[in-house]
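**Q** Data: protein_3.cif, mmCIF, C-alpha atoms.
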data_coords
loop_
_atom_site.label_atom_id
_atom_site.label_comp_id
_atom_site.auth_asym_id
_atom_site.auth_seq_id
_atom_site.Cartn_x
_atom_site.Cartn_y
_atom_site.Cartn_z
CA MET A 185 0.00 0.00 0.00
CA SER A 186 1.29 3.45 -0.83
CA ASP A 187 2.13 5.92 1.89
CA THR A 188 -0.79 8.13 0.89
CA GLY A 189 -3.22 5.19 1.09
CA ALA A 190 -1.92 4.18 4.51
CA THR A 191 -2.25 7.76 5.75
CA ALA A 192 -5.84 7.98 4.45
CA LEU A 193 -6.72 4.69 6.17
CA ASP A 194 -5.07 5.84 9.35
CA ALA A 195 -7.11 9.06 9.23
CA SER A 196 -10.36 7.05 9.00
CA TRP A 197 -9.55 4.33 11.51
CA GLY A 198 -7.38 6.29 13.87
CA GLY A 199 -9.58 5.73 16.95
CA GLY A 200 -11.52 8.39 18.85
CA THR A 201 -14.76 8.98 17.00
CA SER A 202 -13.48 7.38 13.76
CA PRO A 203 -14.64 6.02 11.38
CA PHE A 204 -18.33 6.88 11.92
CA ASN A 205 -17.85 10.25 13.58
CA VAL A 206 -19.65 9.08 16.73
CA GLY A 207 -18.32 8.18 20.17
CA TRP A 208 -17.94 4.51 21.12
CA GLN A 209 -20.94 4.57 23.49
CA LYS A 210 -23.26 5.76 20.75
CA LEU A 211 -21.79 3.30 18.24
CA MET A 212 -22.27 0.44 20.72
CA MET A 213 -25.86 1.54 21.33
CA TRP A 214 -26.56 1.49 17.59
CA ILE A 215 -25.00 -1.96 17.23
CA PHE A 216 -27.08 -3.17 20.19
CA ILE A 217 -30.21 -1.71 18.57
CA VAL A 218 -29.49 -3.53 15.30
CA THR A 219 -29.04 -6.88 17.09
CA ASP A 220 -32.11 -6.33 19.28
CA ALA A 221 -34.13 -5.35 16.21
CA LEU A 222 -33.20 -8.70 14.70
CA LEU A 223 -34.60 -10.45 17.78
CA PHE A 224 -37.95 -8.74 17.23
CA ALA A 225 -37.73 -9.29 13.47
CA GLY A 226 -37.32 -13.01 14.19
CA LEU A 227 -40.35 -13.00 16.50
CA LEU A 228 -42.52 -11.09 14.02
CA VAL A 229 -41.41 -13.19 11.03
CA SER A 230 -42.20 -16.37 13.02
CA TYR A 231 -45.59 -14.87 13.86
CA GLY A 232 -46.09 -14.15 10.13
CA PHE A 233 -45.45 -17.80 9.25
CA VAL A 234 -47.77 -19.01 12.01
CA ARG A 235 -50.45 -16.65 10.69
CA VAL A 236 -50.06 -17.84 7.10
CA ALA A 237 -50.00 -21.50 8.15
CA SER A 238 -53.20 -21.18 10.26
CA SER A 239 -56.40 -21.79 8.36
CA THR A 240 -58.26 -19.42 10.69
CA TRP A 241 -57.23 -16.54 12.95
CA PRO A 242 -59.42 -14.72 15.47
CA GLU A 243 -60.69 -11.26 14.54
CA GLN A 244 -58.59 -8.95 16.73
CA SER A 245 -61.56 -6.76 17.66
CA THR A 246 -63.23 -9.77 19.33
CA ALA A 247 -60.28 -10.19 21.67
CA PHE A 248 -59.05 -6.62 22.16
CA ASP A 249 -60.53 -3.17 22.61
CA MET A 250 -58.95 -1.48 19.58
CA ASN A 251 -59.59 2.05 20.92
CA TYR A 252 -57.60 1.10 23.99
CA ILE A 253 -54.72 -0.31 21.90
CA THR A 254 -54.75 2.90 19.82
CA LEU A 255 -54.49 4.93 23.03
CA MET A 256 -51.48 2.80 24.07
CA THR A 257 -49.89 3.51 20.68
CA PHE A 258 -50.41 7.27 20.97
CA THR A 259 -49.01 7.24 24.51
CA LEU A 260 -45.79 5.62 23.29
CA LEU A 261 -45.55 7.94 20.26
CA ALA A 262 -46.02 10.99 22.49
CA SER A 263 -43.32 9.73 24.87
CA SER A 264 -40.98 9.44 21.87
CA TRP A 265 -41.66 13.10 21.09
CA SER A 266 -40.82 14.18 24.66
CA MET A 267 -37.66 12.03 24.56
CA ALA A 268 -36.52 13.68 21.31
CA CYS A 269 -37.07 17.07 23.00
CA ALA A 270 -35.05 15.92 26.05
CA VAL A 271 -32.13 14.93 23.78
CA SER A 272 -32.34 18.28 22.00
CA ALA A 273 -32.41 20.15 25.33
CA ALA A 274 -29.42 18.12 26.56
CA SER A 275 -27.38 19.04 23.49
CA ALA A 276 -28.28 22.71 24.15
CA ASP A 277 -27.27 22.21 27.83
CA ASN A 278 -30.74 23.26 29.03
CA LYS A 279 -30.91 21.14 32.20
CA LYS A 280 -34.35 22.38 33.25
CA HIS A 281 -35.91 21.29 29.96
CA VAL A 282 -33.98 17.99 30.03
CA ALA A 283 -35.51 17.19 33.43
CA ILE A 284 -39.05 18.21 32.36
CA PHE A 285 -39.00 16.18 29.14
CA LEU A 286 -37.34 13.17 30.77
CA TRP A 287 -40.07 13.01 33.42
CA MET A 288 -42.73 13.42 30.75
CA THR A 289 -41.20 10.43 28.94
CA ILE A 290 -41.06 8.39 32.15
CA ILE A 291 -44.74 9.16 32.84
CA GLY A 292 -45.56 8.13 29.25
CA GLY A 293 -43.62 4.88 29.67
CA LEU A 294 -45.26 4.08 33.01
CA SER A 295 -48.70 4.85 31.56
CA PHE A 296 -48.02 2.48 28.66
CA LEU A 297 -46.87 -0.24 31.05
CA GLY A 298 -49.94 0.27 33.26
CA MET A 299 -52.19 -0.05 30.22
CA GLN A 300 -50.35 -3.18 29.12
CA VAL A 301 -50.76 -4.76 32.56
CA TYR A 302 -54.50 -4.02 32.36
CA GLU A 303 -54.66 -5.48 28.82
CA TRP A 304 -52.85 -8.66 29.90
CA SER A 305 -55.04 -9.10 33.00
CA HIS A 306 -58.17 -8.59 30.88
CA PHE A 307 -56.91 -11.12 28.31
CA ILE A 308 -56.05 -13.67 31.02
CA HIS A 309 -59.41 -13.05 32.72
CA GLU A 310 -61.13 -13.97 29.43
CA GLY A 311 -59.40 -17.36 29.59
CA ALA A 312 -56.27 -16.80 27.49
CA ARG A 313 -53.18 -18.78 28.50
CA LEU A 314 -49.80 -19.33 26.84
CA THR A 315 -50.94 -22.60 25.27
CA SER A 316 -54.73 -22.22 25.07
CA ASN A 317 -57.45 -19.61 24.63
CA PRO A 318 -61.21 -19.38 24.06
CA TRP A 319 -60.77 -18.24 20.43
CA GLY A 320 -59.77 -21.73 19.28
CA VAL A 321 -56.37 -20.95 17.73
CA GLN A 322 -53.69 -21.92 20.21
CA GLN A 323 -50.93 -19.85 18.57
CA PHE A 324 -52.99 -16.65 18.91
CA SER A 325 -52.42 -16.25 22.64
CA THR A 326 -48.87 -17.72 22.42
CA CYS A 327 -47.88 -15.04 19.90
CA PHE A 328 -49.63 -12.36 21.94
CA PHE A 329 -47.90 -13.20 25.22
CA VAL A 330 -44.44 -13.76 23.70
CA ILE A 331 -44.36 -10.68 21.43
CA THR A 332 -46.03 -8.16 23.74
CA GLY A 333 -44.20 -9.71 26.71
CA PHE A 334 -40.80 -9.17 25.11
CA HIS A 335 -41.79 -5.65 24.14
CA GLY A 336 -43.13 -4.88 27.62
CA MET A 337 -39.87 -6.12 29.12
CA HIS A 338 -38.00 -3.68 26.88
CA VAL A 339 -40.31 -0.82 27.92
CA THR A 340 -39.68 -1.69 31.59
CA THR A 341 -35.91 -1.63 30.99
CA GLY A 342 -36.30 1.68 29.15
CA VAL A 343 -38.20 3.25 32.07
CA ILE A 344 -35.48 2.09 34.49
CA ILE A 345 -32.76 3.59 32.24
CA LEU A 346 -34.72 6.86 31.99
CA LEU A 347 -35.17 6.97 35.77
CA VAL A 348 -31.41 6.58 36.25
CA VAL A 349 -30.74 9.33 33.69
CA ALA A 350 -33.38 11.61 35.30
CA ILE A 351 -31.84 11.12 38.75
CA ARG A 352 -28.35 11.75 37.36
CA THR A 353 -29.70 14.91 35.68
CA ALA A 354 -31.13 16.11 39.00
CA LEU A 355 -27.73 15.50 40.62
CA GLY A 356 -25.99 17.34 37.77
CA LYS A 357 -24.12 14.19 36.73
CA SER A 358 -25.74 13.37 33.39
CA THR A 359 -24.07 14.11 30.07
CA ALA A 360 -25.63 14.96 26.70
CA MET A 361 -24.28 11.63 25.39
CA GLY A 362 -25.94 9.73 28.25
CA VAL A 363 -29.31 11.34 27.51
CA GLU A 364 -28.87 10.70 23.79
CA ASN A 365 -28.08 7.00 24.29
CA ALA A 366 -31.08 6.57 26.60
CA GLY A 367 -33.12 8.35 23.92
CA LEU A 368 -31.91 5.99 21.19
CA TYR A 369 -33.04 3.02 23.27
CA TRP A 370 -36.42 4.62 24.02
CA HIS A 371 -37.11 5.42 20.36
CA PHE A 372 -36.19 1.85 19.49
CA VAL A 373 -38.87 0.60 21.90
CA ASP A 374 -41.36 2.87 20.09
CA LEU A 375 -40.07 1.64 16.72
CA VAL A 376 -40.73 -1.99 17.65
CA TRP A 377 -44.26 -1.13 18.78
CA VAL A 378 -44.97 0.41 15.35
CA PHE A 379 -44.54 -3.06 13.81
CA VAL A 380 -46.18 -4.98 16.67
CA PHE A 381 -49.23 -2.70 16.45
CA ALA A 382 -49.51 -3.05 12.68
CA LEU A 383 -48.79 -6.75 12.33
CA PHE A 384 -50.43 -8.14 15.45
CA TYR A 385 -53.37 -5.82 16.04
CA LEU A 386 -54.23 -4.44 12.60
CA VAL A 387 -53.53 -7.13 9.99
CA MET B 263 -29.95 32.96 26.49
CA ALA B 264 -33.36 34.02 25.15
CA GLU B 265 -32.19 33.11 21.61
CA HIS B 266 -31.16 29.67 22.91
CA ALA B 267 -34.60 29.11 24.44
CA GLU B 268 -36.28 30.32 21.25
CA SER B 269 -34.30 27.93 19.03
CA GLY B 270 -35.07 25.13 21.51
CA LYS B 271 -38.81 25.81 21.16
CA LYS B 272 -38.46 25.69 17.36
CA VAL B 273 -36.86 22.24 17.58
CA TYR B 274 -39.63 21.00 19.94
CA LEU B 275 -42.20 22.29 17.45
CA GLN B 276 -40.46 20.48 14.58
CA TYR B 277 -40.58 17.25 16.58
CA ALA B 278 -44.27 17.93 17.30
CA LYS B 279 -44.87 18.16 13.55
CA ILE B 280 -43.24 14.76 13.06
CA LEU B 281 -45.41 13.42 15.89
CA GLY B 282 -48.43 14.83 14.04
CA VAL B 283 -47.42 12.98 10.84
CA LEU B 284 -46.93 9.77 12.86
CA ALA B 285 -50.39 10.21 14.41
CA VAL B 286 -52.01 10.76 11.00
CA LEU B 287 -50.24 7.67 9.62
CA THR B 288 -51.43 5.63 12.63
CA LEU B 289 -55.04 6.73 12.10
CA SER B 290 -54.76 5.98 8.36
CA MET B 291 -53.50 2.49 9.18
CA ILE B 292 -56.45 1.89 11.52
CA PHE B 293 -58.75 3.06 8.71
CA ILE B 294 -57.08 0.62 6.27
CA SER B 295 -57.39 -2.18 8.84
CA GLU B 296 -61.12 -1.60 9.22
CA SER B 297 -61.75 -1.23 5.48
CA GLY B 298 -63.05 -4.16 3.49
CA LEU B 299 -59.71 -4.75 1.73
CA GLY B 300 -58.46 -8.31 1.23
CA GLN B 301 -55.92 -9.71 3.68
CA ALA B 302 -52.91 -9.54 1.31
CA PRO B 303 -53.31 -5.89 0.12
CA LYS B 304 -54.19 -4.87 3.67
CA ALA B 305 -51.01 -6.50 5.03
CA GLY B 306 -48.96 -4.85 2.26
CA LEU B 307 -50.37 -1.38 2.94
CA LEU B 308 -49.95 -1.75 6.69
CA LEU B 309 -46.34 -2.87 6.26
CA LEU B 310 -45.74 0.12 3.99
CA GLY B 311 -47.30 2.47 6.59
CA SER B 312 -45.19 0.91 9.36
CA SER B 313 -42.03 1.28 7.29
CA ILE B 314 -42.76 4.98 6.68
CA LYS B 315 -43.37 5.50 10.41
CA ALA B 316 -40.19 3.58 11.27
CA THR B 317 -38.18 5.68 8.80
CA LEU B 318 -39.49 8.91 10.35
CA ILE B 319 -38.60 7.69 13.87
CA ILE B 320 -35.13 6.43 12.88
CA PHE B 321 -34.20 9.43 10.73
CA PHE B 322 -35.61 12.29 12.80
CA PHE B 323 -36.21 11.19 16.41
CA MET B 324 -33.06 9.03 16.44
CA HIS B 325 -31.16 11.55 14.26
CA LEU B 326 -29.77 8.88 11.93
CA LYS B 327 -30.31 11.31 9.04
CA PHE B 328 -27.46 13.42 10.42
CA GLU B 329 -24.97 10.56 10.87
CA LYS B 330 -22.29 9.43 8.43
CA MET B 331 -23.37 7.21 5.54
CA GLY B 332 -21.38 4.26 6.96
CA LEU B 333 -23.46 4.19 10.14
CA ILE B 334 -26.71 4.71 8.21
CA MET B 335 -25.87 1.72 6.01
CA ILE B 336 -24.98 -0.49 8.99
CA VAL B 337 -28.34 0.22 10.61
CA LEU B 338 -30.54 0.06 7.50
CA VAL B 339 -28.83 -2.93 5.90
CA GLY B 340 -28.52 -4.65 9.27
CA ILE B 341 -32.18 -4.32 10.18
CA PHE B 342 -34.13 -4.23 6.92
CA VAL B 343 -32.13 -6.54 4.64
CA THR B 344 -31.71 -9.20 7.34
CA SER B 345 -35.41 -8.98 8.24
CA ILE B 346 -36.38 -9.42 4.60
CA LEU B 347 -33.95 -12.36 4.24
CA MET B 348 -35.43 -13.91 7.39
CA PHE B 349 -38.77 -13.94 5.64
CA VAL B 350 -37.68 -14.73 2.08
CA VAL B 351 -35.37 -17.69 2.79
CA PRO B 352 -37.87 -19.83 4.76
CA ALA B 353 -40.73 -18.54 2.56
CA TYR B 354 -39.31 -20.62 -0.31
CA ASP B 355 -39.71 -23.80 1.74
CA GLY B 356 -43.07 -22.64 3.09
CA GLY B 357 -44.25 -21.91 -0.46
CA GLN B 358 -43.30 -25.42 -1.58
CA VAL B 359 -45.28 -26.96 1.28
CA LEU B 360 -48.26 -24.71 0.51
CA LEU B 361 -48.18 -25.59 -3.20
CA LYS B 362 -47.97 -29.31 -2.44
CA SER B 363 -50.95 -29.07 -0.11
CA LEU B 364 -52.93 -27.15 -2.76
CA TYR B 365 -52.25 -29.68 -5.56
CA LYS B 366 -52.56 -32.81 -3.46
#
Could you show the structure in this file as C-alpha cells?
**A**
Amino acid sequence: MSDTGATALDASWGGGTSPFNVGWQKLMMWIFIVTDALLFAGLLVSYGFVRVASSTWPEQSTAFDMNYITLMTFTLLASSWSMACAVSAASADNKKHVAIFLWMTIIGGLSFLGMQVYEWSHFIHEGARLTSNPWGVQQFSTCFFVITGFHGMHVTTGVIILLVVAIRTALGKSTAMGVENAGLYWHFVDLVWVFVFALFYLV
Amino acid sequence: MAEHAESGKKVYLQYAKILGVLAVLTLSMIFISESGLGQAPKAGLLLLGSSIKATLIIFFFMHLKFEKMGLIMIVLVGIFVTSILMFVVPAYDGGQVLLKSLYK
C-alpha cells in the first residue's frame, strides 16, 4: 500500500470517534439496537409464518378493545416526542428542559406499562393462556404473550434507564451523550411497537 | 440565552410536527385495517405504513439522518435486509409446502 493510502486509512480508523464520527458509546448503542431489532424481526417473522399457516385466525376486535390499543400507541408515540425534546435540550445544555422532558417520557412509559398490565389481565381473565385460549387458535395467545411480553420487558428496561438518567440529571451528573443514548433506546422501543401494532393488532 | 430558548422551542415544534405525521399515519393504518380490503393488500399497505413510520422515527427522532453514511448503512442494511432475508429464505420452503398441499 502506498504511503498516501496508509495515511488515508489511518485518518479514517485512527480511533476516537473514527470512522463513523460518533463516540464509542453511541456506536455500541446502535450496534445493540441492530441486534435487538433482529430479535424482534425473528419473532414477528415467526408470527407471520404461524399466521399464514393457520387456516383461521381470530378477529382482533373480538379479543381486544382497539380504541384502547390505539391509546397505548399514541401514549408511546407521544413519549418518543418528549424524549426527542429531552435529547435536543441536553445538546443545548438546558438542564431544566432535560428534566421536564425526561419526566414526561417516564410518565408516558409508566402509563403504557400500566395499560399493558391491564390489557394482559383482561386477556387472562377472558381465559387466554400461553398454550390455550377461548378463540380456538392456540398460537394466537402464544404469539400475543411472547411478542407483547418481550416488548413490555424492553419498555420496563427503558423506564429504568430513563429513571437513572433523570436522577443523574437532577444530581448534575448526566451528560448529553448519556441522555442521547437513553433516547436511542427509548425510540427503538417505540419503533418496535410500530410493527407490533400493525402486524399483530391491525392485519 | 433568550435566543437559545427560542431555538429550543423551534426544535420542539419540529418534533411535534413529526409526531403529528406519525399520528395521522397511525389513524390511516387503523382506517385501512377496518376497510373491506383483502388480507394480502391490507397486510402490504400496513407494512408500507409501518415502514414509513419507522423511517421517520429512525431518521428524525433518532437523528440517523445526520450521521455518516457508513453508520446509516450499517443500521438500515442490518435491520431491513436481514429482516427481509429472514422472511424470504424460509418462505421458499413454506411456499413449496403450501403448493404441495394445494395440488394434493
**Q** Point out the residue among A:Phe248, A:Phe233, A:Thr259, A:Phe384 with the least atom-to-atom distance to B:Asp355, counting only C-alpha atoms.
**A**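 Using only C-alpha atoms, the shortest distance to B:Asp355 belongs to A:Phe233.
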**Q** Could you build a table of the residues in chain B lying no more than 7 Å from chain A, giving for each the nearest pair of atoms and their separation in Å rounded to one decimal place, using only C-alpha atoms, ordered by chain and ascending residue number, as CSV?
**A**
residue,atom,partner,partner_atom,distance
B:Gly270,CA,A:Ala273,CA,6.8
B:Tyr274,CA,A:Cys269,CA,5.6
B:Tyr277,CA,A:Trp265,CA,6.2
B:Ala278,CA,A:Trp265,CA,6.7
B:Leu281,CA,A:Trp265,CA,6.4
B:Ile292,CA,A:Leu386,CA,6.8
B:Ser295,CA,A:Leu386,CA,5.4
B:Lys304,CA,A:Val387,CA,6.7
B:Ala305,CA,A:Val387,CA,5.6
B:Leu308,CA,A:Ala382,CA,6.1
B:Ser312,CA,A:Phe379,CA,6.0
B:Ala316,CA,A:Leu375,CA,5.8
B:Ile319,CA,A:Leu375,CA,6.8
B:Phe323,CA,A:Ala268,CA,5.5
B:Met324,CA,A:Leu368,CA,5.8
B:Lys330,CA,A:Phe204,CA,5.9
B:Gly332,CA,A:Phe204,CA,6.4
B:Leu333,CA,A:Phe204,CA,6.1
B:Val337,CA,A:Val218,CA,6.1
B:Gly340,CA,A:Val218,CA,6.2
B:Ile341,CA,A:Val218,CA,5.8
B:Ser345,CA,A:Ala225,CA,5.7
B:Phe349,CA,A:Val229,CA,6.0
**Q** Could you write out the selected residues, including C-alpha atoms, as an mmCIF file, in the frame of the given file?
**A**
data_model
loop_
_atom_site.group_PDB
_atom_site.id
_atom_site.type_symbol
_atom_site.label_atom_id
_atom_site.label_comp_id
_atom_site.auth_asym_id
_atom_site.auth_seq_id
_atom_site.Cartn_x
_atom_site.Cartn_y
_atom_site.Cartn_z
ATOM 1 C CA GLY B 270 -35.070 25.130 21.510
ATOM 2 C CA TYR B 274 -39.630 21.000 19.940
ATOM 3 C CA TYR B 277 -40.580 17.250 16.580
ATOM 4 C CA ALA B 278 -44.270 17.930 17.300
ATOM 5 C CA LEU B 281 -45.410 13.420 15.890
ATOM 6 C CA ILE B 292 -56.450 1.890 11.520
ATOM 7 C CA SER B 295 -57.390 -2.180 8.840
ATOM 8 C CA LYS B 304 -54.190 -4.870 3.670
ATOM 9 C CA ALA B 305 -51.010 -6.500 5.030
ATOM 10 C CA LEU B 308 -49.950 -1.750 6.690
ATOM 11 C CA SER B 312 -45.190 0.910 9.360
ATOM 12 C CA ALA B 316 -40.190 3.580 11.270
ATOM 13 C CA ILE B 319 -38.600 7.690 13.870
ATOM 14 C CA PHE B 323 -36.210 11.190 16.410
ATOM 15 C CA MET B 324 -33.060 9.030 16.440
ATOM 16 C CA LYS B 330 -22.290 9.430 8.430
ATOM 17 C CA GLY B 332 -21.380 4.260 6.960
ATOM 18 C CA LEU B 333 -23.460 4.190 10.140
ATOM 19 C CA VAL B 337 -28.340 0.220 10.610
ATOM 20 C CA GLY B 340 -28.520 -4.650 9.270
ATOM 21 C CA ILE B 341 -32.180 -4.320 10.180
ATOM 22 C CA SER B 345 -35.410 -8.980 8.240
ATOM 23 C CA PHE B 349 -38.770 -13.940 5.640
#
**Q** Between atom CA of A:Arg352 and atom CA of A:Thr289, what is the spacing in Å?
**A**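 Between these atoms lies a distance of 15.4 Å.
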**Q** Please measure the separation of atom CA of B:Gly300 and atom CA of B:Thr288, giving the value in Å to one decimal.
**A**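 For atom CA of B:Gly300 relative to atom CA of B:Thr288, the distance reads 19.3 Å.
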**Q** Grab the atom CA of B:Ser290 to atom CA of B:Pro303 distance for me, in Å with one decimal place.
**A**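 Computed distance, atom CA of B:Ser290 to atom CA of B:Pro303, equals 14.5 Å.
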**Q** How big is the axis-aligned box around the listed atoms of stretch 316-325 of chain B once 3 Å is added on each side, and where is its centre? Give both in Å to one decimal, as lines of an AutoDock Vina configuration file.
**A**
center_x = -35.7
center_y = 7.9
center_z = 12.6
size_x = 15.0
size_y = 14.7
size_z = 13.6
**Q** What's around A:Leu347 at 12 Å? Count all atoms listed in the file, leave out sequence neighbours fewer than 2 positions away in its own chain, and write the answer as a list in words.
**A** Ala283, Phe285, Leu286, Trp287, Met288, Thr289, Ile290, Ile291, Gly293, Leu294, Thr340, Thr341, Gly342, Val343, Ile344, Ile345, Val349, Ala350, Ile351, Arg352, Thr353, Ala354, Ser358, Val363 and Ala366 of chain A
**Q** Just say which residues the PyMOL selection byres ((chain A and resi 246) around 12) picks in this file, as a PyMOL selection string.
**A** chain A and resi 241-245+247-250+307+310+318-319+385
